[in-house]
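Okay, target.pdb is below, PDB, C-alpha atoms, pLDDT in the B column:
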ATOM      1  CA  MET A   1     -40.240 -99.276 -98.704  1.00 51.00           C
ATOM      2  CA  ILE A   2     -40.747 -96.357 -96.320  1.00 50.00           C
ATOM      3  CA  LYS A   3     -37.973 -97.772 -94.152  1.00 51.00           C
ATOM      4  CA  PHE A   4     -35.682 -97.919 -97.181  1.00 47.00           C
ATOM      5  CA  PHE A   5     -36.192 -94.236 -98.075  1.00 43.00           C
ATOM      6  CA  ARG A   6     -35.661 -93.259 -94.451  1.00 53.00           C
ATOM      7  CA  GLN A   7     -32.317 -95.079 -94.514  1.00 53.00           C
ATOM      8  CA  ILE A   8     -31.285 -93.265 -97.713  1.00 46.00           C
ATOM      9  CA  ARG A   9     -32.237 -89.925 -96.173  1.00 49.00           C
ATOM     10  CA  GLN A  10     -30.202 -90.686 -93.058  1.00 54.00           C
ATOM     11  CA  ASN A  11     -27.186 -91.658 -95.155  1.00 51.00           C
ATOM     12  CA  LEU A  12     -27.412 -88.407 -97.111  1.00 45.00           C
ATOM     13  CA  LEU A  13     -27.485 -86.400 -93.896  1.00 45.00           C
ATOM     14  CA  ILE A  14     -24.411 -88.245 -92.653  1.00 50.00           C
ATOM     15  CA  GLU A  15     -22.569 -87.641 -95.925  1.00 50.00           C
ATOM     16  CA  ASN A  16     -23.541 -83.959 -95.827  1.00 54.00           C
ATOM     17  CA  LYS A  17     -22.170 -83.606 -92.275  1.00 49.00           C
ATOM     18  CA  THR A  18     -18.984 -85.460 -93.273  1.00 54.00           C
ATOM     19  CA  GLY A  19     -18.506 -83.082 -96.226  1.00 53.00           C
ATOM     20  CA  LYS A  20     -18.908 -80.079 -93.953  1.00 53.00           C
ATOM     21  CA  TYR A  21     -16.415 -81.502 -91.461  1.00 55.00           C
ATOM     22  CA  PHE A  22     -13.979 -82.217 -94.293  1.00 52.00           C
ATOM     23  CA  LYS A  23     -14.262 -78.661 -95.635  1.00 56.00           C
ATOM     24  CA  TYR A  24     -13.803 -77.318 -92.112  1.00 57.00           C
ATOM     25  CA  ALA A  25     -10.696 -79.471 -91.610  1.00 55.00           C
ATOM     26  CA  ILE A  26      -9.221 -78.277 -94.918  1.00 64.00           C
ATOM     27  CA  GLY A  27      -9.893 -74.675 -93.911  1.00 60.00           C
ATOM     28  CA  GLU A  28      -8.148 -75.222 -90.582  1.00 60.00           C
ATOM     29  CA  ILE A  29      -5.129 -76.760 -92.311  1.00 65.00           C
ATOM     30  CA  LEU A  30      -4.923 -73.842 -94.739  1.00 64.00           C
ATOM     31  CA  LEU A  31      -5.068 -71.372 -91.862  1.00 62.00           C
ATOM     32  CA  VAL A  32      -2.228 -73.220 -90.085  1.00 64.00           C
ATOM     33  CA  VAL A  33      -0.122 -73.311 -93.273  1.00 62.00           C
ATOM     34  CA  ILE A  34      -0.711 -69.600 -93.920  1.00 67.00           C
ATOM     35  CA  GLY A  35       0.194 -68.851 -90.300  1.00 65.00           C
ATOM     36  CA  ILE A  36       3.434 -70.822 -90.616  1.00 66.00           C
ATOM     37  CA  LEU A  37       4.349 -69.046 -93.869  1.00 64.00           C
ATOM     38  CA  ILE A  38       3.682 -65.647 -92.303  1.00 67.00           C
ATOM     39  CA  ALA A  39       5.759 -66.587 -89.248  1.00 60.00           C
ATOM     40  CA  LEU A  40       8.618 -67.769 -91.491  1.00 65.00           C
ATOM     41  CA  GLN A  41       8.493 -64.547 -93.472  1.00 71.00           C
ATOM     42  CA  ILE A  42       8.556 -62.451 -90.287  1.00 62.00           C
ATOM     43  CA  ASN A  43      11.420 -64.568 -88.932  1.00 61.00           C
ATOM     44  CA  ASN A  44      13.377 -64.209 -92.182  1.00 59.00           C
ATOM     45  CA  SER A  45      12.782 -60.448 -92.160  1.00 61.00           C
ATOM     46  CA  ASN A  46      13.982 -60.250 -88.554  1.00 66.00           C
ATOM     47  CA  ASN A  47      17.074 -62.330 -89.335  1.00 61.00           C
ATOM     48  CA  LYS A  48      17.827 -60.182 -92.360  1.00 69.00           C
ATOM     49  CA  ARG A  49      17.489 -57.014 -90.288  1.00 75.00           C
ATOM     50  CA  ILE A  50      19.755 -58.466 -87.585  1.00 73.00           C
ATOM     51  CA  GLU A  51      22.374 -59.408 -90.202  1.00 74.00           C
ATOM     52  CA  GLN A  52      22.153 -55.937 -91.759  1.00 82.00           C
ATOM     53  CA  ASP A  53      22.654 -54.361 -88.321  1.00 84.00           C
ATOM     54  CA  ARG A  54      25.692 -56.582 -87.741  1.00 88.00           C
ATOM     55  CA  GLU A  55      27.078 -55.692 -91.171  1.00 88.00           C
ATOM     56  CA  ILE A  56      26.676 -51.970 -90.429  1.00 90.00           C
ATOM     57  CA  LYS A  57      28.480 -52.433 -87.112  1.00 92.00           C
ATOM     58  CA  TYR A  58      31.343 -54.313 -88.773  1.00 92.00           C
ATOM     59  CA  LEU A  59      31.667 -51.737 -91.561  1.00 94.00           C
ATOM     60  CA  THR A  60      31.626 -48.867 -89.064  1.00 94.00           C
ATOM     61  CA  ASN A  61      34.357 -50.489 -86.974  1.00 94.00           C
ATOM     62  CA  ILE A  62      36.453 -51.301 -90.060  1.00 95.00           C
ATOM     63  CA  LYS A  63      36.208 -47.650 -91.070  1.00 95.00           C
ATOM     64  CA  LEU A  64      37.397 -46.558 -87.610  1.00 95.00           C
ATOM     65  CA  ASP A  65      40.337 -48.995 -87.852  1.00 96.00           C
ATOM     66  CA  LEU A  66      41.259 -47.624 -91.265  1.00 96.00           C
ATOM     67  CA  LEU A  67      41.149 -44.020 -90.062  1.00 96.00           C
ATOM     68  CA  LYS A  68      43.574 -44.935 -87.267  1.00 96.00           C
ATOM     69  CA  ASP A  69      45.785 -46.695 -89.810  1.00 96.00           C
ATOM     70  CA  ILE A  70      45.871 -43.659 -92.105  1.00 97.00           C
ATOM     71  CA  GLU A  71      46.946 -41.443 -89.210  1.00 96.00           C
ATOM     72  CA  SER A  72      49.692 -43.922 -88.289  1.00 96.00           C
ATOM     73  CA  LEU A  73      50.792 -44.274 -91.915  1.00 97.00           C
ATOM     74  CA  GLU A  74      51.080 -40.512 -92.356  1.00 96.00           C
ATOM     75  CA  PHE A  75      53.231 -40.293 -89.218  1.00 96.00           C
ATOM     76  CA  ASN A  76      55.467 -43.154 -90.382  1.00 95.00           C
ATOM     77  CA  ILE A  77      55.852 -41.692 -93.876  1.00 96.00           C
ATOM     78  CA  ASP A  78      56.786 -38.296 -92.441  1.00 96.00           C
ATOM     79  CA  PHE A  79      59.249 -39.878 -89.991  1.00 95.00           C
ATOM     80  CA  ARG A  80      60.975 -41.888 -92.698  1.00 95.00           C
ATOM     81  CA  GLN A  81      61.158 -38.962 -95.117  1.00 96.00           C
ATOM     82  CA  LYS A  82      62.939 -36.887 -92.471  1.00 95.00           C
ATOM     83  CA  LYS A  83      65.166 -39.821 -91.551  1.00 95.00           C
ATOM     84  CA  ILE A  84      66.201 -40.251 -95.189  1.00 96.00           C
ATOM     85  CA  LEU A  85      67.304 -36.608 -95.335  1.00 97.00           C
ATOM     86  CA  GLY A  86      69.352 -37.101 -92.153  1.00 97.00           C
ATOM     87  CA  ILE A  87      70.970 -40.269 -93.488  1.00 96.00           C
ATOM     88  CA  GLU A  88      71.853 -38.555 -96.769  1.00 97.00           C
ATOM     89  CA  LYS A  89      73.688 -35.818 -94.825  1.00 97.00           C
ATOM     90  CA  LEU A  90      75.470 -38.431 -92.706  1.00 97.00           C
ATOM     91  CA  VAL A  91      76.643 -40.401 -95.750  1.00 97.00           C
ATOM     92  CA  ASN A  92      77.891 -37.202 -97.389  1.00 97.00           C
ATOM     93  CA  GLU A  93      79.821 -36.342 -94.205  1.00 97.00           C
ATOM     94  CA  ILE A  94      81.204 -39.883 -94.003  1.00 96.00           C
ATOM     95  CA  ASN A  95      82.345 -39.439 -97.619  1.00 96.00           C
ATOM     96  CA  GLY A  96      84.283 -36.316 -96.646  1.00 94.00           C
ATOM     97  CA  GLN A  97      81.858 -33.427 -96.871  1.00 95.00           C
ATOM     98  CA  PRO A  98      82.617 -30.881 -94.089  1.00 95.00           C
ATOM     99  CA  ILE A  99      80.294 -30.995 -91.068  1.00 94.00           C
ATOM    100  CA  LYS A 100      78.428 -27.663 -90.965  1.00 94.00           C
ATOM    101  CA  ASP A 101      76.243 -28.291 -87.886  1.00 96.00           C
ATOM    102  CA  LEU A 102      77.600 -30.714 -85.301  1.00 97.00           C
ATOM    103  CA  ASN A 103      74.334 -30.583 -83.344  1.00 96.00           C
ATOM    104  CA  GLU A 104      72.485 -31.806 -86.429  1.00 97.00           C
ATOM    105  CA  THR A 105      75.080 -34.507 -87.059  1.00 97.00           C
ATOM    106  CA  THR A 106      74.743 -35.730 -83.467  1.00 96.00           C
ATOM    107  CA  PHE A 107      70.963 -35.831 -83.842  1.00 96.00           C
ATOM    108  CA  ASN A 108      71.177 -37.704 -87.144  1.00 96.00           C
ATOM    109  CA  VAL A 109      73.551 -40.328 -85.749  1.00 96.00           C
ATOM    110  CA  ILE A 110      71.338 -41.119 -82.749  1.00 94.00           C
ATOM    111  CA  ASN A 111      68.245 -40.995 -84.970  1.00 94.00           C
ATOM    112  CA  THR A 112      69.615 -43.879 -87.050  1.00 93.00           C
ATOM    113  CA  LEU A 113      69.011 -46.014 -83.949  1.00 89.00           C
ATOM    114  CA  TYR A 114      65.269 -45.344 -84.089  1.00 87.00           C
ATOM    115  CA  GLN A 115      62.792 -47.420 -86.043  1.00 83.00           C
ATOM    116  CA  GLU A 116      59.151 -46.530 -86.609  1.00 82.00           C
ATOM    117  CA  ARG A 117      56.941 -49.457 -87.495  1.00 87.00           C
ATOM    118  CA  PHE A 118      53.438 -49.368 -88.882  1.00 91.00           C
ATOM    119  CA  GLN A 119      51.141 -51.755 -87.017  1.00 92.00           C
ATOM    120  CA  PRO A 120      47.670 -51.976 -88.635  1.00 93.00           C
ATOM    121  CA  SER A 121      44.561 -51.691 -86.471  1.00 89.00           C
ATOM    122  CA  ASN A 122      42.946 -54.658 -88.204  1.00 86.00           C
ATOM    123  CA  VAL A 123      41.103 -55.999 -85.130  1.00 87.00           C
ATOM    124  CA  THR A 124      37.703 -55.909 -86.842  1.00 90.00           C
ATOM    125  CA  TYR A 125      38.927 -57.668 -89.987  1.00 88.00           C
ATOM    126  CA  SER A 126      40.623 -60.359 -87.894  1.00 88.00           C
ATOM    127  CA  ASP A 127      37.362 -60.882 -85.999  1.00 87.00           C
ATOM    128  CA  LEU A 128      35.441 -61.164 -89.276  1.00 86.00           C
ATOM    129  CA  VAL A 129      37.780 -63.872 -90.540  1.00 85.00           C
ATOM    130  CA  SER A 130      38.170 -65.839 -87.295  1.00 86.00           C
ATOM    131  CA  SER A 131      34.415 -65.810 -86.544  1.00 87.00           C
ATOM    132  CA  GLY A 132      33.446 -66.863 -90.063  1.00 86.00           C
ATOM    133  CA  ASN A 133      31.286 -63.761 -90.476  1.00 86.00           C
ATOM    134  CA  MET A 134      32.838 -62.514 -93.695  1.00 88.00           C
ATOM    135  CA  ASN A 135      29.590 -63.466 -95.483  1.00 88.00           C
ATOM    136  CA  LEU A 136      27.892 -60.614 -93.585  1.00 87.00           C
ATOM    137  CA  ILE A 137      29.716 -58.163 -95.883  1.00 90.00           C
ATOM    138  CA  SER A 138      27.406 -58.009 -98.885  1.00 90.00           C
ATOM    139  CA  ASN A 139      29.590 -55.775-101.077  1.00 92.00           C
ATOM    140  CA  ASP A 140      32.129 -57.944-102.906  1.00 93.00           C
ATOM    141  CA  SER A 141      34.368 -54.955-103.690  1.00 94.00           C
ATOM    142  CA  ILE A 142      34.764 -54.274 -99.960  1.00 94.00           C
ATOM    143  CA  LYS A 143      35.745 -57.887 -99.339  1.00 93.00           C
ATOM    144  CA  ILE A 144      38.311 -57.744-102.152  1.00 94.00           C
ATOM    145  CA  TYR A 145      39.872 -54.569-100.721  1.00 95.00           C
ATOM    146  CA  LEU A 146      40.026 -56.139 -97.253  1.00 95.00           C
ATOM    147  CA  PHE A 147      41.808 -59.181 -98.660  1.00 93.00           C
ATOM    148  CA  GLU A 148      44.276 -57.021-100.618  1.00 95.00           C
ATOM    149  CA  LEU A 149      45.032 -54.977 -97.504  1.00 95.00           C
ATOM    150  CA  SER A 150      45.641 -58.154 -95.499  1.00 94.00           C
ATOM    151  CA  LEU A 151      48.277 -59.176 -98.069  1.00 94.00           C
ATOM    152  CA  LEU A 152      49.920 -55.756 -97.790  1.00 95.00           C
ATOM    153  CA  TYR A 153      49.973 -56.112 -93.987  1.00 95.00           C
ATOM    154  CA  GLN A 154      51.764 -59.453 -94.338  1.00 93.00           C
ATOM    155  CA  GLN A 155      54.325 -57.866 -96.674  1.00 94.00           C
ATOM    156  CA  ASN A 156      54.802 -55.098 -94.118  1.00 93.00           C
ATOM    157  CA  LEU A 157      55.670 -57.652 -91.435  1.00 91.00           C
ATOM    158  CA  PHE A 158      58.246 -59.240 -93.745  1.00 91.00           C
ATOM    159  CA  ASN A 159      59.752 -55.809 -94.504  1.00 90.00           C
ATOM    160  CA  ILE A 160      60.007 -54.996 -90.791  1.00 89.00           C
ATOM    161  CA  GLU A 161      61.756 -58.293 -90.043  1.00 88.00           C
ATOM    162  CA  HIS A 162      64.238 -57.657 -92.868  1.00 84.00           C
ATOM    163  CA  GLU A 163      64.859 -54.075 -91.753  1.00 86.00           C
ATOM    164  CA  THR A 164      65.367 -55.133 -88.127  1.00 85.00           C
ATOM    165  CA  ALA A 165      67.962 -57.712 -89.137  1.00 83.00           C
ATOM    166  CA  GLU A 166      69.906 -55.115 -91.164  1.00 80.00           C
ATOM    167  CA  TYR A 167      69.582 -52.558 -88.372  1.00 82.00           C
ATOM    168  CA  ASP A 168      70.817 -54.927 -85.669  1.00 78.00           C
ATOM    169  CA  GLU A 169      73.778 -56.081 -87.715  1.00 81.00           C
ATOM    170  CA  ASN A 170      75.056 -52.831 -89.203  1.00 83.00           C
ATOM    171  CA  ILE A 171      73.625 -49.806 -87.388  1.00 91.00           C
ATOM    172  CA  SER A 172      73.193 -50.539 -83.684  1.00 89.00           C
ATOM    173  CA  LYS A 173      76.341 -52.657 -83.264  1.00 90.00           C
ATOM    174  CA  SER A 174      78.524 -49.948 -84.796  1.00 91.00           C
ATOM    175  CA  ILE A 175      76.991 -47.131 -82.732  1.00 93.00           C
ATOM    176  CA  PHE A 176      77.112 -49.093 -79.471  1.00 92.00           C
ATOM    177  CA  ARG A 177      80.764 -49.910 -80.104  1.00 93.00           C
ATOM    178  CA  LEU A 178      82.070 -46.614 -81.477  1.00 94.00           C
ATOM    179  CA  VAL A 179      80.190 -43.652 -79.916  1.00 94.00           C
ATOM    180  CA  ASP A 180      79.111 -42.528 -76.453  1.00 94.00           C
ATOM    181  CA  ILE A 181      75.293 -42.559 -76.590  1.00 93.00           C
ATOM    182  CA  GLU A 182      74.937 -41.183 -73.064  1.00 94.00           C
ATOM    183  CA  LEU A 183      77.051 -38.150 -73.987  1.00 95.00           C
ATOM    184  CA  MET A 184      74.999 -37.486 -77.115  1.00 95.00           C
ATOM    185  CA  LYS A 185      71.535 -38.091 -75.648  1.00 95.00           C
ATOM    186  CA  PRO A 186      70.998 -34.501 -74.292  1.00 96.00           C
ATOM    187  CA  VAL A 187      71.868 -33.096 -77.719  1.00 96.00           C
ATOM    188  CA  PHE A 188      69.469 -35.494 -79.423  1.00 94.00           C
ATOM    189  CA  LEU A 189      66.686 -34.480 -77.043  1.00 94.00           C
ATOM    190  CA  GLY A 190      67.439 -30.793 -77.575  1.00 94.00           C
ATOM    191  CA  GLU A 191      68.300 -30.269 -73.914  1.00 95.00           C
ATOM    192  CA  LYS A 192      71.936 -29.218 -74.513  1.00 95.00           C
ATOM    193  CA  THR A 193      74.276 -28.261 -77.326  1.00 96.00           C
ATOM    194  CA  VAL A 194      77.428 -30.067 -78.435  1.00 95.00           C
ATOM    195  CA  GLN A 195      79.457 -27.225 -76.908  1.00 96.00           C
ATOM    196  CA  GLN A 196      77.814 -27.765 -73.525  1.00 96.00           C
ATOM    197  CA  VAL A 197      78.644 -31.482 -73.454  1.00 95.00           C
ATOM    198  CA  ASN A 198      82.033 -31.106 -75.164  1.00 95.00           C
ATOM    199  CA  ILE A 199      81.267 -33.079 -78.320  1.00 95.00           C
ATOM    200  CA  SER A 200      83.640 -32.523 -81.239  1.00 95.00           C
ATOM    201  CA  GLU A 201      84.090 -34.091 -84.666  1.00 95.00           C
ATOM    202  CA  GLU A 202      86.630 -36.397 -83.063  1.00 95.00           C
ATOM    203  CA  ASN A 203      83.756 -38.167 -81.286  1.00 95.00           C
ATOM    204  CA  PHE A 204      82.509 -39.380 -84.683  1.00 95.00           C
ATOM    205  CA  LYS A 205      85.849 -40.237 -86.295  1.00 95.00           C
ATOM    206  CA  ALA A 206      85.779 -43.961 -85.500  1.00 95.00           C
ATOM    207  CA  LEU A 207      82.107 -44.293 -86.472  1.00 95.00           C
ATOM    208  CA  PHE A 208      82.586 -42.482 -89.774  1.00 96.00           C
ATOM    209  CA  GLU A 209      85.538 -44.737 -90.586  1.00 95.00           C
ATOM    210  CA  SER A 210      83.360 -47.816 -90.112  1.00 94.00           C
ATOM    211  CA  LEU A 211      82.338 -49.281 -93.479  1.00 94.00           C
ATOM    212  CA  GLU A 212      79.693 -51.349 -91.686  1.00 93.00           C
ATOM    213  CA  TYR A 213      77.996 -48.217 -90.383  1.00 94.00           C
ATOM    214  CA  LYS A 214      78.139 -46.460 -93.738  1.00 95.00           C
ATOM    215  CA  ASN A 215      76.695 -49.501 -95.516  1.00 93.00           C
ATOM    216  CA  GLY A 216      74.061 -49.793 -92.796  1.00 93.00           C
ATOM    217  CA  CYS A 217      73.042 -46.181 -93.411  1.00 94.00           C
ATOM    218  CA  VAL A 218      72.861 -46.708 -97.165  1.00 94.00           C
ATOM    219  CA  VAL A 219      70.723 -49.833 -96.778  1.00 92.00           C
ATOM    220  CA  SER A 220      68.536 -48.075 -94.193  1.00 92.00           C
ATOM    221  CA  LYS A 221      67.869 -45.287 -96.688  1.00 93.00           C
ATOM    222  CA  TRP A 222      66.947 -47.772 -99.411  1.00 93.00           C
ATOM    223  CA  THR A 223      64.689 -49.655 -97.019  1.00 92.00           C
ATOM    224  CA  SER A 224      62.912 -46.491 -95.876  1.00 93.00           C
ATOM    225  CA  GLU A 225      62.311 -45.457 -99.484  1.00 95.00           C
ATOM    226  CA  GLY A 226      60.713 -48.831-100.168  1.00 94.00           C
ATOM    227  CA  MET A 227      58.677 -48.664 -96.969  1.00 95.00           C
ATOM    228  CA  ILE A 228      57.371 -45.196 -97.851  1.00 96.00           C
ATOM    229  CA  GLU A 229      56.170 -46.510-101.206  1.00 96.00           C
ATOM    230  CA  HIS A 230      54.573 -49.510 -99.488  1.00 96.00           C
ATOM    231  CA  TYR A 231      52.901 -47.332 -96.842  1.00 97.00           C
ATOM    232  CA  GLN A 232      51.565 -44.986 -99.499  1.00 97.00           C
ATOM    233  CA  ASN A 233      50.030 -47.978-101.285  1.00 97.00           C
ATOM    234  CA  ILE A 234      48.332 -49.109 -98.053  1.00 97.00           C
ATOM    235  CA  LYS A 235      47.126 -45.545 -97.408  1.00 97.00           C
ATOM    236  CA  ASN A 236      45.614 -45.236-100.902  1.00 97.00           C
ATOM    237  CA  LYS A 237      43.800 -48.559-100.623  1.00 97.00           C
ATOM    238  CA  SER A 238      42.564 -47.644 -97.142  1.00 97.00           C
ATOM    239  CA  GLU A 239      41.157 -44.343 -98.416  1.00 97.00           C
ATOM    240  CA  ASN A 240      39.450 -46.088-101.356  1.00 97.00           C
ATOM    241  CA  LEU A 241      37.974 -48.667 -98.997  1.00 97.00           C
ATOM    242  CA  ILE A 242      36.623 -45.939 -96.712  1.00 97.00           C
ATOM    243  CA  GLU A 243      34.846 -44.408 -99.719  1.00 96.00           C
ATOM    244  CA  LEU A 244      33.234 -47.764-100.522  1.00 95.00           C
ATOM    245  CA  ILE A 245      32.175 -48.220 -96.899  1.00 95.00           C
ATOM    246  CA  ASN A 246      30.698 -44.712 -96.756  1.00 95.00           C
ATOM    247  CA  THR A 247      28.660 -45.449 -99.894  1.00 93.00           C
ATOM    248  CA  GLU A 248      27.427 -48.707 -98.337  1.00 90.00           C
ATOM    249  CA  LEU A 249      26.530 -47.062 -95.020  1.00 90.00           C
ATOM    250  CA  ASN A 250      24.623 -44.257 -96.754  1.00 90.00           C
ATOM    251  CA  LYS A 251      22.326 -46.638 -98.643  1.00 79.00           C
TER     252      LYS A 251
END

Could you write out this structure as structure tokens?
Amino acid sequence: MIKFFRQIRQNLLIENKTGKYFKYAIGEILLVVIGILIALQINNSNNKRIEQDREIKYLTNIKLDLLKDIESLEFNIDFRQKKILGIEKLVNEINGQPIKDLNETTFNVINTLYQERFQPSNVTYSDLVSSGNMNLISNDSIKIYLFELSLLYQQNLFNIEHETAEYDENISKSIFRLVDIELMKPVFLGEKTVQQVNISEENFKALFESLEYKNGCVVSKWTSEGMIEHYQNIKNKSENLIELINTELNK
């Protein structure tokens, strides 16, 4: 009987030790799980901070690109507005209006050879798209503006191709065939006057009788008017996008 009770006592001690070991094991597992959760949270926080830093860098660079674009757009708009005025005077003179300033006429004729083209500084946006990092931009309105601007850039390329074709066919061919560019260059650059290089109205007679050149000038004016409107649209969207980016960066 005594042996029996001793056996029961020994079994109870073993069970008690097993229970303690089990509780200890559970505690260890909980500590490991808590440690993993904390590590995951820290890792997620670090990843989020890294992504936010990358987003800030992208937004800052997009803003810099847009500021360059606005400067270029303003130059192109100003150039085309002045060119339109020159073309209007040329067309009036071709239509028979007396030439009042032959130096100005010479300048306007050579100036019809020049084309200013807006080329967007969209390096950062292109990198965002090609790298698949567009999801870094958290503000949906910014992404929408970027997409709309990309469509306007594509339209700009189409407009330039169309303008170049018209220019090559009707403007440059006529000038190269009917006037002496070398003679007129010093006047265009402001280095000499028409009197100094012996330019008279006779030098423009053949050009002004060319219907191709006149039509080329008319189409060039129309094209520039459309391009100015298009550039102003890009400029407005760029300025609105900069405001959105500034708000995002100041958060």

Pick from A:Phe158, A:Phe208, A:Trp222, A:Phe118, whichever lies nearest to Phe75 of chain A using only C-alpha atoms: A:Phe118

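Atom CA of Phe147 of chain A is positioned 21.6 Å from atom CA of Gly226 of chain A.
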
I need the output of the PyMOL selection byres ((chain A and resi 150) around 12) for this file as an NGL selection string; which residues are they? :A and (119-126 or 129 or 143-149 or 151-157 or 234 or 237-238)

Output of the above residues as a CSV table (one decimal), in the coordinates of the input, restricted to C-alpha atoms:
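Saved file out_2.csv follows:
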chain,number,residue,atom,x,y,z
A,119,GLN,CA,51.1,-51.8,-87.0
A,120,PRO,CA,47.7,-52.0,-88.6
A,121,SER,CA,44.6,-51.7,-86.5
A,122,ASN,CA,42.9,-54.7,-88.2
A,123,VAL,CA,41.1,-56.0,-85.1
A,124,THR,CA,37.7,-55.9,-86.8
A,125,TYR,CA,38.9,-57.7,-90.0
A,126,SER,CA,40.6,-60.4,-87.9
A,129,VAL,CA,37.8,-63.9,-90.5
A,143,LYS,CA,35.7,-57.9,-99.3
A,144,ILE,CA,38.3,-57.7,-102.2
A,145,TYR,CA,39.9,-54.6,-100.7
A,146,LEU,CA,40.0,-56.1,-97.3
A,147,PHE,CA,41.8,-59.2,-98.7
A,148,GLU,CA,44.3,-57.0,-100.6
A,149,LEU,CA,45.0,-55.0,-97.5
A,151,LEU,CA,48.3,-59.2,-98.1
A,152,LEU,CA,49.9,-55.8,-97.8
A,153,TYR,CA,50.0,-56.1,-94.0
A,154,GLN,CA,51.8,-59.5,-94.3
A,155,GLN,CA,54.3,-57.9,-96.7
A,156,ASN,CA,54.8,-55.1,-94.1
A,157,LEU,CA,55.7,-57.7,-91.4
A,234,ILE,CA,48.3,-49.1,-98.1
A,237,LYS,CA,43.8,-48.6,-100.6
A,238,SER,CA,42.6,-47.6,-97.1

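Interatomic distance, atom CA of Phe204 of chain A against atom CA of Val219 of chain A: 19.9 Å.
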
Which distance in Å separates atom CA of Asn135 of chain A and atom CA of Leu249 of chain A, to one decimal?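 Separation between atom CA of Asn135 of chain A and atom CA of Leu249 of chain A: 16.7 Å.
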
Using all atoms listed in the file, can you tell me which of A:Gly132, A:Glu201, A:Glu209, A:Pro186 comes closest to Pro98 of chain A?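 The answer is A:Glu201, which sits nearest to Pro98 of chain A.
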
Expand the PyMOL selection byres ((chain A and resi 103) around 7) into the explicit residue set it covers here, and present it as a PyMOL selection string. chain A and resi 101-102+104-107+187+193-194

Using all atoms listed in the file - which residues lie no farther than 12 Å from the point (76.9, -38.5, -91.9) in the file's frame? Write them as a VMD selection string. chain A and resid 83 to 112 201 204 to 205 207 to 210 213 to 218

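Here the PyMOL selection byres ((chain A and resi 52) around 12) captures the residues Ser45, Asn46, Asn47, Lys48, Arg49, Ile50, Glu51, Asp53, Arg54, Glu55, Ile56, Lys57, Tyr58, Leu59, Asn135, Leu136, Ile137, Ser138, Asn139, Glu248, Leu249 and Lys251 of chain A.
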
Model the absent atoms of segment 185-199 of chain A so that N, CA and C atoms are present, and write the result as a PDB file, in the coordinates of the input.
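Once everything was written out, this is selection.pdb:
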ATOM      1  N   LYS A 185      72.975 -38.086 -75.902  1.00 95.00           N
ATOM      2  CA  LYS A 185      71.535 -38.091 -75.648  1.00 95.00           C
ATOM      3  C   LYS A 185      70.961 -36.697 -75.399  1.00 95.00           C
ATOM      4  N   PRO A 186      71.564 -35.843 -74.527  1.00 96.00           N
ATOM      5  CA  PRO A 186      70.998 -34.501 -74.292  1.00 96.00           C
ATOM      6  C   PRO A 186      70.912 -33.656 -75.556  1.00 96.00           C
ATOM      7  N   VAL A 187      71.880 -33.839 -76.454  1.00 96.00           N
ATOM      8  CA  VAL A 187      71.868 -33.096 -77.719  1.00 96.00           C
ATOM      9  C   VAL A 187      70.720 -33.608 -78.594  1.00 96.00           C
ATOM     10  N   PHE A 188      70.556 -34.900 -78.637  1.00 94.00           N
ATOM     11  CA  PHE A 188      69.469 -35.494 -79.423  1.00 94.00           C
ATOM     12  C   PHE A 188      68.105 -35.014 -78.934  1.00 94.00           C
ATOM     13  N   LEU A 189      67.954 -34.912 -77.629  1.00 94.00           N
ATOM     14  CA  LEU A 189      66.686 -34.480 -77.043  1.00 94.00           C
ATOM     15  C   LEU A 189      66.502 -32.965 -77.080  1.00 94.00           C
ATOM     16  N   GLY A 190      67.535 -32.237 -77.498  1.00 94.00           N
ATOM     17  CA  GLY A 190      67.439 -30.793 -77.575  1.00 94.00           C
ATOM     18  C   GLY A 190      67.610 -30.105 -76.237  1.00 94.00           C
ATOM     19  N   GLU A 191      68.127 -30.832 -75.262  1.00 95.00           N
ATOM     20  CA  GLU A 191      68.300 -30.269 -73.914  1.00 95.00           C
ATOM     21  C   GLU A 191      69.606 -29.483 -73.784  1.00 95.00           C
ATOM     22  N   LYS A 192      70.636 -29.891 -74.561  1.00 95.00           N
ATOM     23  CA  LYS A 192      71.936 -29.218 -74.513  1.00 95.00           C
ATOM     24  C   LYS A 192      72.521 -29.166 -75.913  1.00 95.00           C
ATOM     25  N   THR A 193      73.566 -28.348 -76.049  1.00 96.00           N
ATOM     26  CA  THR A 193      74.276 -28.261 -77.326  1.00 96.00           C
ATOM     27  C   THR A 193      75.553 -29.078 -77.242  1.00 96.00           C
ATOM     28  N   VAL A 194      76.178 -29.303 -78.411  1.00 95.00           N
ATOM     29  CA  VAL A 194      77.428 -30.067 -78.435  1.00 95.00           C
ATOM     30  C   VAL A 194      78.521 -29.338 -77.657  1.00 95.00           C
ATOM     31  N   GLN A 195      78.468 -27.996 -77.657  1.00 96.00           N
ATOM     32  CA  GLN A 195      79.457 -27.225 -76.908  1.00 96.00           C
ATOM     33  C   GLN A 195      79.308 -27.468 -75.398  1.00 96.00           C
ATOM     34  N   GLN A 196      78.070 -27.586 -74.954  1.00 96.00           N
ATOM     35  CA  GLN A 196      77.814 -27.765 -73.525  1.00 96.00           C
ATOM     36  C   GLN A 196      78.260 -29.133 -73.019  1.00 96.00           C
ATOM     37  N   VAL A 197      78.248 -30.130 -73.887  1.00 95.00           N
ATOM     38  CA  VAL A 197      78.644 -31.482 -73.454  1.00 95.00           C
ATOM     39  C   VAL A 197      80.021 -31.873 -74.015  1.00 95.00           C
ATOM     40  N   ASN A 198      80.668 -30.895 -74.642  1.00 95.00           N
ATOM     41  CA  ASN A 198      82.033 -31.106 -75.164  1.00 95.00           C
ATOM     42  C   ASN A 198      82.116 -32.203 -76.226  1.00 95.00           C
ATOM     43  N   ILE A 199      81.206 -32.158 -77.181  1.00 95.00           N
ATOM     44  CA  ILE A 199      81.267 -33.079 -78.320  1.00 95.00           C
ATOM     45  C   ILE A 199      81.969 -32.365 -79.474  1.00 95.00           C
TER      46      ILE A 199
END
